[in-house]
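Engineer: What follows is the file structure.tsv, containing TSV, C-alpha atoms and all ligand atoms:
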chain	number	residue	atom	x	y	z
A	599	MET	CA	94.40	72.16	113.01
A	600	SER	CA	91.10	73.35	114.38
A	601	SER	CA	89.50	75.70	111.90
A	602	HIS	CA	89.38	78.37	114.54
A	603	LEU	CA	92.87	78.05	116.01
A	604	HIS	CA	95.78	79.33	113.89
A	605	ILE	CA	99.20	78.64	115.45
A	606	PHE	CA	102.38	80.43	114.37
A	607	ALA	CA	106.06	80.08	115.24
A	608	SER	CA	106.34	83.61	116.62
A	609	PRO	CA	104.24	86.52	117.92
A	610	GLU	CA	105.24	88.48	114.81
A	611	LEU	CA	103.89	85.82	112.45
A	612	ALA	CA	100.68	85.52	114.47
A	613	ALA	CA	100.23	89.30	114.39
A	614	LYS	CA	100.82	89.45	110.63
A	615	ALA	CA	98.35	86.63	109.95
A	616	CYS	CA	95.78	88.33	112.17
A	617	ALA	CA	96.22	91.57	110.22
A	618	GLU	CA	95.80	89.69	106.94
A	619	ARG	CA	92.57	88.14	108.22
A	620	ILE	CA	91.23	91.53	109.30
A	621	ALA	CA	92.04	92.97	105.86
A	622	GLU	CA	90.25	90.01	104.23
A	623	VAL	CA	87.13	90.39	106.40
A	624	VAL	CA	87.02	94.13	105.75
A	625	LYS	CA	87.26	93.49	101.99
A	626	GLU	CA	84.43	90.91	102.18
A	627	SER	CA	82.20	93.27	104.16
A	628	LEU	CA	82.85	96.11	101.71
A	629	GLU	CA	81.92	93.83	98.79
A	630	LEU	CA	78.73	92.76	100.58
A	631	ARG	CA	77.58	95.99	102.23
A	632	GLY	CA	79.77	98.81	100.93
A	633	VAL	CA	80.81	99.70	104.47
A	634	SER	CA	82.79	97.98	107.21
A	635	ARG	CA	82.48	98.74	110.91
A	636	ILE	CA	85.21	97.18	113.01
A	637	ALA	CA	86.04	97.36	116.73
A	638	LEU	CA	89.65	97.22	117.89
A	639	SER	CA	91.21	96.30	121.22
A	640	GLY	CA	94.21	97.81	122.92
A	641	GLY	CA	97.04	96.58	125.10
A	642	SER	CA	100.54	95.83	123.83
A	643	SER	CA	100.04	92.82	121.51
A	644	PRO	CA	98.07	94.79	118.89
A	645	LYS	CA	100.96	97.18	118.21
A	646	MET	CA	102.72	94.73	115.87
A	647	MET	CA	99.42	93.69	114.31
A	648	PHE	CA	98.37	97.31	113.69
A	649	GLY	CA	101.75	98.00	112.08
A	650	ALA	CA	101.22	95.13	109.63
A	651	LEU	CA	97.59	96.11	109.00
A	652	ALA	CA	98.59	99.70	108.21
A	653	LYS	CA	100.69	98.41	105.31
A	654	MET	CA	97.90	96.32	103.78
A	655	PRO	CA	95.76	97.46	100.81
A	656	VAL	CA	92.54	98.25	102.72
A	657	ASP	CA	89.94	100.67	101.34
A	658	TRP	CA	89.90	102.72	104.56
A	659	GLU	CA	87.63	105.31	102.94
A	660	HIS	CA	84.71	102.98	103.72
A	661	VAL	CA	85.85	101.61	107.06
A	662	TRP	CA	84.62	102.96	110.41
A	663	LEU	CA	86.69	102.28	113.52
A	664	TYR	CA	85.35	101.67	117.00
A	665	TRP	CA	86.99	100.47	120.17
A	666	VAL	CA	86.27	97.27	122.10
A	667	ASP	CA	87.35	99.05	125.25
A	668	GLU	CA	89.26	102.05	126.49
A	669	ARG	CA	90.97	103.19	129.59
A	670	VAL	CA	89.29	106.28	131.05
A	671	VAL	CA	92.19	108.62	130.32
A	672	PRO	CA	92.64	111.49	127.84
A	673	PRO	CA	93.33	110.49	124.22
A	674	ASP	CA	96.95	111.62	124.51
A	675	HIS	CA	97.63	109.61	127.68
A	676	PRO	CA	100.26	106.81	127.39
A	677	ASP	CA	97.61	104.25	128.50
A	678	SER	CA	95.07	105.28	125.85
A	679	ASN	CA	94.10	102.51	123.42
A	680	TYR	CA	93.08	105.26	121.01
A	681	LYS	CA	96.56	106.80	121.20
A	682	MET	CA	98.19	103.42	120.55
A	683	ALA	CA	95.93	102.82	117.53
A	684	MET	CA	96.54	106.38	116.26
A	685	GLU	CA	100.31	105.90	116.36
A	686	ASN	CA	100.45	102.35	114.99
A	687	LEU	CA	97.52	102.14	112.57
A	688	ILE	CA	95.46	105.28	111.95
A	689	LEU	CA	98.22	107.73	111.05
A	690	PRO	CA	100.43	105.23	109.15
A	691	ALA	CA	97.40	103.94	107.17
A	692	GLY	CA	95.95	107.42	106.60
A	693	ILE	CA	92.54	106.45	108.00
A	694	PRO	CA	90.22	109.48	107.77
A	695	ILE	CA	89.88	111.07	111.21
A	696	GLN	CA	86.10	111.38	110.75
A	697	HIS	CA	85.90	107.58	110.57
A	698	LEU	CA	87.03	107.23	114.18
A	699	ASN	CA	84.49	106.62	116.95
A	700	ARG	CA	86.71	106.72	119.96
A	701	ILE	CA	85.55	106.27	123.52
A	702	ALA	CA	85.89	109.71	125.15
A	703	GLY	CA	88.26	108.66	127.90
A	704	GLU	CA	88.67	112.26	129.05
A	705	ARG	CA	85.09	112.25	130.37
A	706	TYR	CA	83.77	110.74	133.59
A	707	PRO	CA	83.41	106.95	133.12
A	708	GLU	CA	79.61	106.88	133.04
A	709	GLU	CA	79.51	109.89	130.69
A	710	ALA	CA	82.10	108.32	128.37
A	711	SER	CA	80.06	105.12	128.25
A	712	ALA	CA	76.74	106.90	127.65
A	713	HIS	CA	78.27	109.02	124.88
A	714	TYR	CA	79.77	105.94	123.20
A	715	ILE	CA	76.47	104.06	123.37
A	716	SER	CA	74.59	106.99	121.83
A	717	GLU	CA	77.12	107.26	118.99
A	718	ILE	CA	76.83	103.53	118.26
A	719	ARG	CA	73.03	103.71	118.34
A	720	VAL	CA	73.07	106.50	115.73
A	721	ASP	CA	75.71	104.89	113.49
A	722	PHE	CA	74.03	101.46	113.48
A	723	LYS	CA	70.51	102.97	113.41
A	724	LEU	CA	69.55	100.91	116.46
A	725	LYS	CA	66.15	100.85	118.13
A	726	GLU	CA	65.92	100.58	121.93
A	727	GLY	CA	67.19	97.18	123.02
A	728	GLN	CA	68.99	96.39	119.76
A	729	LEU	CA	72.71	95.59	119.68
A	730	PRO	CA	75.25	96.61	117.00
A	731	LYS	CA	76.53	93.90	114.66
A	732	PHE	CA	80.17	94.75	113.96
A	733	ASP	CA	81.64	93.31	110.78
A	734	LEU	CA	84.70	92.45	112.83
A	735	VAL	CA	85.69	92.57	116.47
A	736	HIS	CA	89.39	92.30	117.30
A	737	ARG	CA	90.03	91.08	120.84
A	738	GLY	CA	92.99	90.24	122.98
A	739	MET	CA	93.26	88.03	126.03
A	740	GLY	CA	95.04	88.80	129.26
A	741	PRO	CA	97.02	86.19	131.27
A	742	ASP	CA	93.97	86.14	133.60
A	743	SER	CA	91.78	85.32	130.55
A	744	HIS	CA	90.09	88.71	130.55
A	745	THR	CA	89.02	90.12	127.22
A	746	ALA	CA	87.92	93.63	126.36
A	747	SER	CA	87.74	95.15	129.83
A	748	LEU	CA	85.74	92.23	131.16
A	749	PHE	CA	87.84	90.91	134.02
A	750	PRO	CA	87.13	87.75	136.03
A	751	GLY	CA	84.26	88.23	138.46
A	752	ASP	CA	82.84	91.39	136.89
A	753	PRO	CA	79.01	91.19	136.86
A	754	LEU	CA	79.09	92.82	133.41
A	755	ILE	CA	80.18	89.41	132.09
A	756	GLU	CA	76.54	88.36	132.41
A	757	ASP	CA	75.11	91.41	130.65
A	758	ASP	CA	74.02	90.25	127.20
A	759	TYR	CA	71.65	93.18	126.73
A	760	GLU	CA	73.43	96.51	126.96
A	761	ILE	CA	75.90	97.83	124.41
A	762	ALA	CA	78.66	99.11	126.67
A	763	ALA	CA	79.34	100.11	130.25
A	764	SER	CA	81.97	101.64	132.48
A	765	THR	CA	83.72	99.48	135.03
A	766	TYR	CA	86.50	99.78	137.58
A	767	VAL	CA	89.41	97.32	137.35
A	768	GLU	CA	90.75	97.00	140.90
A	769	LYS	CA	94.06	95.37	140.04
A	770	PHE	CA	95.00	98.07	137.58
A	771	ASN	CA	93.35	100.88	139.55
A	772	SER	CA	91.83	101.78	136.22
A	773	HIS	CA	88.38	102.92	135.15
A	774	ARG	CA	87.45	101.48	131.78
A	775	VAL	CA	84.64	101.60	129.24
A	776	THR	CA	83.99	98.30	127.49
A	777	LEU	CA	81.70	96.69	124.95
A	778	LEU	CA	79.58	94.06	126.64
A	779	PRO	CA	79.14	90.33	125.94
A	780	GLY	CA	75.99	90.71	123.84
A	781	VAL	CA	77.91	92.85	121.35
A	782	LEU	CA	80.91	90.50	121.32
A	783	LYS	CA	78.53	87.60	120.59
A	784	ALA	CA	76.80	89.51	117.79
A	785	ALA	CA	79.96	90.12	115.74
A	786	ARG	CA	79.96	88.83	112.17
A	787	HIS	CA	83.62	87.90	112.67
A	788	THR	CA	85.94	87.90	115.68
A	789	VAL	CA	89.71	87.60	115.71
A	790	ILE	CA	91.51	87.02	119.00
A	791	LEU	CA	95.26	87.67	119.01
A	792	ALA	CA	97.11	86.10	121.94
A	793	ALA	CA	100.83	85.39	122.00
A	794	GLY	CA	103.47	84.54	124.57
A	795	ALA	CA	104.04	81.89	127.21
A	796	ASP	CA	102.27	84.09	129.77
A	797	LYS	CA	99.00	83.41	127.89
A	798	ALA	CA	99.37	79.59	127.91
A	799	GLY	CA	97.40	79.06	131.11
A	800	ALA	CA	94.59	81.36	130.02
A	801	LEU	CA	94.46	79.76	126.57
A	802	TRP	CA	94.04	76.32	128.14
A	803	ASP	CA	91.37	77.65	130.53
A	804	VAL	CA	89.47	79.28	127.71
A	805	LEU	CA	89.70	76.58	125.03
A	806	GLU	CA	89.99	73.34	127.01
A	807	GLY	CA	89.05	74.15	130.61
A	808	LYS	CA	85.67	74.01	132.31
A	809	THR	CA	83.11	76.40	130.90
A	810	ASP	CA	83.06	79.20	133.43
A	811	VAL	CA	82.79	82.55	131.71
A	812	MET	CA	82.77	84.45	135.00
A	813	ALA	CA	86.21	83.03	135.80
A	814	HIS	CA	87.44	83.09	132.20
A	815	PRO	CA	85.72	85.98	130.38
A	816	CYS	CA	87.56	85.28	127.12
A	817	GLN	CA	85.32	82.22	126.80
A	818	ILE	CA	82.69	84.70	125.57
A	819	ALA	CA	82.08	83.90	121.89
A	820	ALA	CA	85.45	82.11	121.83
A	821	LYS	CA	84.65	78.94	119.91
A	822	PRO	CA	82.34	77.60	117.20
A	823	PRO	CA	79.51	78.12	116.50
A	824	TYR	CA	80.75	81.71	116.96
A	825	PRO	CA	82.69	82.99	113.92
A	826	THR	CA	85.85	83.43	115.97
A	827	GLU	CA	89.43	82.78	114.87
A	828	TRP	CA	92.40	82.70	117.21
A	829	PHE	CA	95.84	83.84	116.13
A	830	VAL	CA	98.39	82.51	118.61
A	831	ASP	CA	102.05	81.62	118.76
A	832	GLU	CA	103.43	78.23	119.78
A	833	ALA	CA	104.45	79.49	123.22
A	834	ALA	CA	100.84	80.29	124.04
A	835	THR	CA	99.71	76.76	123.07
A	836	LYS	CA	102.18	74.81	125.21
A	837	LEU	CA	99.47	73.53	127.58
A	838	LEU	CA	96.90	72.68	124.92
A	839	ARG	CA	96.19	68.99	124.34
A	840	LYS	CA	94.17	69.39	121.15
A	841	LYS	CA	96.49	71.28	118.83
A	842	SER	CA	95.25	69.81	115.60
B	1	LIG	C1	93.13	96.63	126.99
B	1	LIG	C2	92.71	95.60	126.00
B	1	LIG	C3	92.72	94.27	126.66
B	1	LIG	C4	93.80	93.49	126.00
B	1	LIG	C5	94.32	92.42	126.91
B	1	LIG	C6	95.52	91.72	126.29
B	1	LIG	O1	92.56	97.72	127.04
B	1	LIG	O2	94.11	96.32	127.71
B	1	LIG	O3	91.63	95.87	125.28
B	1	LIG	O4	91.55	93.54	126.64
B	1	LIG	O5	93.31	92.93	124.81
B	1	LIG	O6	94.71	93.04	128.12
B	1	LIG	O7	96.51	92.69	126.16
B	1	LIG	P1	97.92	92.25	125.51
B	1	LIG	O8	97.55	91.69	124.18
B	1	LIG	O9	98.69	93.50	125.44
B	1	LIG	O10	98.49	91.22	126.43
Starting from the file, lay out its structure as structure tokens.
Ligand code: 6PG

Structural biologist:
Amino acid sequence: MSSHLHIFASPELAAKACAERIAEVVKESLELRGVSRIALSGGSSPKMMFGALAKMPVDWEHVWLYWVDERVVPPDHPDSNYKMAMENLILPAGIPIQHLNRIAGERYPEEASAHYISEIRVDFKLKEGQLPKFDLVHRGMGPDSHTASLFPGDPLIEDDYEIAASTYVEKFNSHRVTLLPGVLKAARHTVILAAGADKAGALWDVLEGKTDVMAHPCQIAAKPPYPTEWFVDEAATKLLRKKS
């Protein structure tokens, strides 16, 4: 099996293995640096994974949570990635509330993005033009091969310089704030959790199709030499030729 592609019989097993990997990476970063800064994605797949992660022995006292992206909605809105993480990970795991660096979805998109960027700059002690190096970035992949809130055709896909930005996703009629490619590429570790037959086409496009990051944004930092590991179920791999 490719070192970066971990295939499991079910979405549940893929989610559990992804949670185990996150817990491992957090432990390694705490041993090396005494602190671990991780960025989480939203959507529906992570719910199971967060539930498993919440039960794992992680030293959350030294872990700082950030978000890969957020819908521009209040934190108690059903679409909020923060709300989903709060319910499935933060509360069950008892993560200290002061360790959360949520994207302020209740603000105007540009304001939410600017506020998030300034918080990251302070936390990571960044100079102008520098990008944060997260210990771990957790991403998902949509059936259209989007990742974060970088959807096919969005000019932000070519922005390797800024930390984050707001964007409007036409097909979901949704304003979003998202980390940008430069930050995704800078991660010390990336895990991508993608399960279900509806992801099979995107997985082929991203891992075996033509390199075209504008059409398939999840190709960003998706394969070696990037330190990225995929956690997928068999259904998602049904179109892949190279499974081992
Ligand atoms: C979001 C996520 C997004 C997600 C994909 C996959 O805000 O929706 O950050 O990038 O990872 O849409 O979502 P599922 O895993 O739920 O299919």

Engineer: Calculated over all atoms listed in the file, which of the candidates A:Ala650, A:Leu729, A:Ala813, A:Ala746 has the smallest distance to ligand LIG 1 (chain B)?

Structural biologist: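 Result for the nearest residue to ligand LIG 1 (chain B): A:Ala746.
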
Engineer: Once you count only C-alpha atoms and all ligand atoms, which residues end up within 6 Å of ligand LIG 1 (chain B), and could you hand them over as a PyMOL selection string?

Structural biologist: chain A and resi 639-643+667-668+737-740+745-747

Engineer: Have a look at atom CA of Gln696 of chain A and atom CA of Leu630 of chain A and let me know their distance in Å, one decimal.

Structural biologist: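 Those two atoms sit 22.5 Å apart.
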
Engineer: Report, in Å with one decimal, the straight-line distance from atom CA of Arg705 of chain A to atom CA of Val775 of chain A.

Structural biologist: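 Atom CA of Arg705 of chain A sits 10.7 Å away from atom CA of Val775 of chain A.
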
Engineer: Rank A:Gly703, A:Gly794, A:Pro779, A:Pro815 by their smallest atom-to-atom distance to Asp758 of chain A, using only C-alpha atoms, and report the top residue only.

Structural biologist: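 Looking only at the distances to Asp758 of chain A, the closest residue turns out to be A:Pro779.
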
Engineer: Please report, as AutoDock Vina command-line options, the centre and edge lengths in Å to one decimal of an axis-aligned box covering all listed atoms of segment 813-831 of chain A with 6 Å per side.

Structural biologist:
--center_x 90.8 --center_y 81.8 --center_z 124.9 --size_x 34.5 --size_y 20.4 --size_z 33.9

Engineer: Which residue gives the smallest distance to Glu756 of chain A among A:Leu778, A:Ala683, A:Ala795, A:Leu689, with all atoms listed in the file counted?

Structural biologist: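 Between A:Leu778, A:Ala683, A:Ala795, A:Leu689, the residue approaching Glu756 of chain A most closely is A:Leu778.
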
Engineer: List as a PDB file with C-alpha atoms, keeping the file's coordinate frame the protein and nucleic acid residues near segment 823-830 of chain A, meaning an atom at most 8 Å away when all atoms listed in the file are counted, but skip any in the same chain fewer than 2 places from it.

Structural biologist:
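Ended up saving to around23.pdb:
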ATOM      1  CA  SER A 601      89.500  75.700 111.900  1.00  0.00           C
ATOM      2  CA  HIS A 602      89.380  78.370 114.540  1.00  0.00           C
ATOM      3  CA  LEU A 603      92.870  78.050 116.010  1.00  0.00           C
ATOM      4  CA  HIS A 604      95.780  79.330 113.890  1.00  0.00           C
ATOM      5  CA  ILE A 605      99.200  78.640 115.450  1.00  0.00           C
ATOM      6  CA  PHE A 606     102.380  80.430 114.370  1.00  0.00           C
ATOM      7  CA  PRO A 609     104.240  86.520 117.920  1.00  0.00           C
ATOM      8  CA  ALA A 612     100.680  85.520 114.470  1.00  0.00           C
ATOM      9  CA  ALA A 613     100.230  89.300 114.390  1.00  0.00           C
ATOM     10  CA  ALA A 615      98.350  86.630 109.950  1.00  0.00           C
ATOM     11  CA  CYS A 616      95.780  88.330 112.170  1.00  0.00           C
ATOM     12  CA  LYS A 783      78.530  87.600 120.590  1.00  0.00           C
ATOM     13  CA  ALA A 785      79.960  90.120 115.740  1.00  0.00           C
ATOM     14  CA  ARG A 786      79.960  88.830 112.170  1.00  0.00           C
ATOM     15  CA  HIS A 787      83.620  87.900 112.670  1.00  0.00           C
ATOM     16  CA  THR A 788      85.940  87.900 115.680  1.00  0.00           C
ATOM     17  CA  VAL A 789      89.710  87.600 115.710  1.00  0.00           C
ATOM     18  CA  ILE A 790      91.510  87.020 119.000  1.00  0.00           C
ATOM     19  CA  LEU A 791      95.260  87.670 119.010  1.00  0.00           C
ATOM     20  CA  ALA A 792      97.110  86.100 121.940  1.00  0.00           C
ATOM     21  CA  ALA A 793     100.830  85.390 122.000  1.00  0.00           C
ATOM     22  CA  ALA A 819      82.080  83.900 121.890  1.00  0.00           C
ATOM     23  CA  ALA A 820      85.450  82.110 121.830  1.00  0.00           C
ATOM     24  CA  LYS A 821      84.650  78.940 119.910  1.00  0.00           C
ATOM     25  CA  GLU A 832     103.430  78.230 119.780  1.00  0.00           C
ATOM     26  CA  ALA A 834     100.840  80.290 124.040  1.00  0.00           C
ATOM     27  CA  THR A 835      99.710  76.760 123.070  1.00  0.00           C
TER      28      THR A 835
END

Engineer: Given the choices A:Ile688, A:Val811, A:Val656, A:Leu724, which gets closest to Glu626 of chain A if the distance is worked out from all atoms listed in the file?

Structural biologist: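 Ranked by minimum distance to Glu626 of chain A, first place goes to A:Val656.
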
Engineer: Which of these, A:Leu638, A:Leu628, A:Ala762, A:Leu611, has the shortest distance to Val666 of chain A once you count all atoms listed in the file?

Structural biologist: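 The answer is A:Leu638, which sits nearest to Val666 of chain A.
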
Engineer: How far is it from atom CA of Asp810 of chain A to atom CA of His773 of chain A, in Å with one decimal?

Structural biologist: 24.4 Å

Engineer: Thr765 of chain A: which residues within 10 Å, counting only C-alpha atoms, same-chain residues fewer than 5 positions away excluded, as a list in words?

Structural biologist: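 Counting only C-alpha atoms, the residues come to Arg669, Val670, Pro707, Glu708, Ser711, Ser747, Leu748, Phe749, Asp752, Pro753, Leu754, Ser772, His773, Arg774, Val775 and Thr776 of chain A.
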
Engineer: Find, counting all atoms listed in the file, the residue in A:Val720, A:Leu782, A:Cys816, A:Val633 that gets nearest to His660 of chain A.

Structural biologist: A:Val633

Engineer: Any idea what's packed within 10 Å of Leu837 of chain A, counting only C-alpha atoms, ignoring anything in its chain fewer than 4 positions away? Could you give it as a PyMOL selection string?

Structural biologist: chain A and resi 795+797-803+806+832-833+841

Engineer: Report as a list in words all protein, DNA and RNA residues lying within 10 Å of Arg719 of chain A, evaluated on only C-alpha atoms, omitting residues in the same chain fewer than 5 positions from it.

Structural biologist: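 Close residues of Arg719 of chain A: His713, Tyr714, Leu724, Lys725, Glu726, Gly727, Gln728, Leu729, Pro730 and Ile761 of chain A.
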
Engineer: Residues at most 7 Å from Val671 of chain A, counting all atoms listed in the file, excluding those fewer than 4 positions away in the same chain, as JSON, numbers by chain?

Structural biologist: {"A": [675, 678, 703, 704]}
